Structures are given as structure tokens and as C-alpha cells.
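Novice: Sharing a structure, written as C-alpha cells. Questions coming.
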Amino acid sequence: TADVYVAEVLSFHPEVLYTLQYYDATENGKSALDPLSRDVSYINVPLLARYHADGLFFEAGPAVNFAIGAKDEAGADVKSEANSVVLDYIAGLGYQLNNGPSIGIRYEGGATSTYKDAARFGLGTGNLKNSTFWLNLGYSFGGSGGNSRRR
């Protein structure tokens with residue numbers, strides 16, 4: 001992650017993350033052993049704007065998720081069923097001590113469908129989109145992290 005200040009209280013905050021997201025087919029009335037349940041691995045790239053106010057920060061922006069793998073409950077490779085690029089949006093807030101620990105919560109919602117064929121998942125012609133709450137704990141090691149500003 002990085003925090004690149006573009007104004008006194010505004011920064012650009014890009015991240016590169018590995019995430020594993022799970023879709024449980026039992027939510028659509030399927031059997032718990034139904035092979036429609038999926039794990040999808042992503043390289044997740046949030047591109048956030050942050051507003052800083054004395055340690056408190058508010059963040060929002062898009063995220064681009066690149067699918068790098070997908071497996072069903074039986075362990076079979078089903079990456080071909082997932083869209084290779086998925087767009088999401090993020091909104092969150094948190095608190096960071098100057099050049100130190102931070103805590104945050106964010107919501108990431110889907111802007112595009114996770115799978116190419118949502119009908120296979122019992123969703124008719126609808127889209128199956130990500131919906132994730134995150135709890136973030138972090139620590140900034142020196143540099144220009146945290147609330148430090150360079151002029």
C-alpha cells in the first residue's frame with residue numbers, strides 16, 4: 001500500500017492484495033455438497049482516495065480484481081467460469097496513529113459480475129456480484145506512511 005498526498009488532507013491510496021472470495025451455493029437452496037460452491041482467488045487492486053482528519057480517514061474508490069484461480073467444492077479447477085477481471089467499488093473509514101498502527105472497516109461491492117454464466121448458479125439472468133466487508137489492521141513502517149506529509 002501507499003499513501004501519496006495530493007493536498008493537505010487528501011491522498012491517493014493504491015493497494016495490491018491477494019484475496020480469496022467464497023460463493024456458497026447453499027444460499028440459493030442448493031445442497032451443502034453441491035459443486036456450485038466456489039473459491040475464487042484474486043489479485044485485488046483498490047485505487048482509493050482518502051480524506052484525512054487528525055488520524056481519522058475516510059476512503060472511497062474503485063477496485064480492479066484479477067482472477068488468478070477458482071476451485072469448486074470438489075477441488076476442480078473452474079477458473080474458466082469466472083470473469084478474468086471484475087470491477088468493484090469501495091467505501092470505508094478508519095483511524096491511523098502517525099507512522100504506526102491503524103484500524104479500518106470497509107465495504108466492497110460488485111460493479112460487474114463475478115461469473116460469466118450467473119444462470120448456472122440459480123440466479124436466472126441476473127449477475128452474481130461481490131459483496132464483502134473488511135476489517136483492516138495494519139502498521140506503517142517508516143517512510144511516508146501514516147499521516148506524515150512531505151512538502
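By convention in this document, the chains of the C-alpha cells carry letters A, B, ... by their order, each chain's residues are numbered from 1, and ligands are numbered from 1 in the order they are shown.
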Just asking: which residues within region 5-132 of chain A are strand (DSSP E) according to DSSP, as an MDAnalysis selection string?
Specialist: chainID A and resid 5 10:14 17:23 38:53 56:72 85:96 101:110 131:132
Novice: Tell me, as a ChimeraX atom specification, which residues lie within 7 Å of Leu20 (chain A), counting only C-alpha atoms; anything in the same chain fewer than 3 positions away does not count.
Specialist: /A:39-42
Novice: From the options A:Asn136, A:Asn65, A:Thr114, A:Asn127, which residue's atoms come nearest to Pro46 (chain A), counting only C-alpha atoms?
Specialist: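 Ranked by minimum distance to Pro46 (chain A), first place goes to A:Asn65.
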Novice: Could you name the residues that touch region 55-59 of chain A at 8 Å or less, counting only C-alpha atoms, but leaving out those on the same chain fewer than 5 positions away, as a PyMOL selection string?
Specialist: chain A and resi 48-50+90-98+147
Novice: Take the residues from that selection and put them in a file with C-alpha atoms, as a PDB file, in the first residue's frame.
Specialist:
```
ATOM      1  CA  LEU A  48      -8.713   4.776  -3.291  1.00  0.00           C
ATOM      2  CA  ALA A  49      -8.943   8.456  -2.423  1.00  0.00           C
ATOM      3  CA  ARG A  50      -8.518   9.144   1.300  1.00  0.00           C
ATOM      4  CA  ILE A  90     -15.128   0.542  -2.011  1.00  0.00           C
ATOM      5  CA  ALA A  91     -16.178   2.851   0.823  1.00  0.00           C
ATOM      6  CA  GLY A  92     -14.659   2.791   4.293  1.00  0.00           C
ATOM      7  CA  LEU A  93     -13.284   4.587   7.296  1.00  0.00           C
ATOM      8  CA  GLY A  94     -10.535   4.054   9.805  1.00  0.00           C
ATOM      9  CA  TYR A  95      -8.031   5.526  12.214  1.00  0.00           C
ATOM     10  CA  GLN A  96      -4.240   5.601  11.983  1.00  0.00           C
ATOM     11  CA  LEU A  97      -1.723   6.850  14.507  1.00  0.00           C
ATOM     12  CA  ASN A  98       1.125   8.849  12.955  1.00  0.00           C
ATOM     13  CA  ASN A 147      -0.259  10.707   8.417  1.00  0.00           C
TER      14      ASN A 147
END
```
Novice: Work out how far CA of Glu108 (chain A) is from CA of Glu81 (chain A), in Å to one decimal.
Specialist: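 These atoms are spaced 21.5 Å apart.
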Novice: Point out the residue among A:Tyr107, A:Tyr23, A:Tyr51, A:Leu137 with the least atom-to-atom distance to Ala82 (chain A), counting only C-alpha atoms.
Specialist: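 Checking each of A:Tyr107, A:Tyr23, A:Tyr51, A:Leu137 against Ala82 (chain A), counting only C-alpha atoms, the winner is A:Tyr23.
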Novice: Could you tell me how far CA of Asn99 (chain A) lies from CA of Val6 (chain A), in Å and to one decimal?
Specialist: 18.1 Å
Novice: Nearest to Gly109 (chain A): which of A:Phe141, A:Asp77, A:Gly69, A:Val64 is it, counting only C-alpha atoms?
Specialist: A:Val64
Novice: For CA of Tyr89 (chain A) and CA of Ile105 (chain A), quote the distance in Å rounded to one decimal.
Specialist: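 These atoms are spaced 14.0 Å apart.
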Novice: Fewer than 3 positions away in the same chain doesn't count, so skip those; otherwise give me all residues within 8 Å of Ala2 (chain A), counting only C-alpha atoms, as a list in words.
Specialist: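 Returned residues: Phe12, His13, Pro14, Glu15 and Gly145 of chain A.
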Novice: Of the residues A:Ile103, A:Leu135, A:Leu128, A:Val9, which is the one nearest to Asn83 (chain A), using only C-alpha atoms?
Specialist: A:Leu128
Novice: I need the residues of region 14-136 of chain A that end up classed as helix (DSSP H, G or I) by DSSP on the backbone, written out as number ranges by chain.
Specialist: A: 25-28, 79-81, 118-121
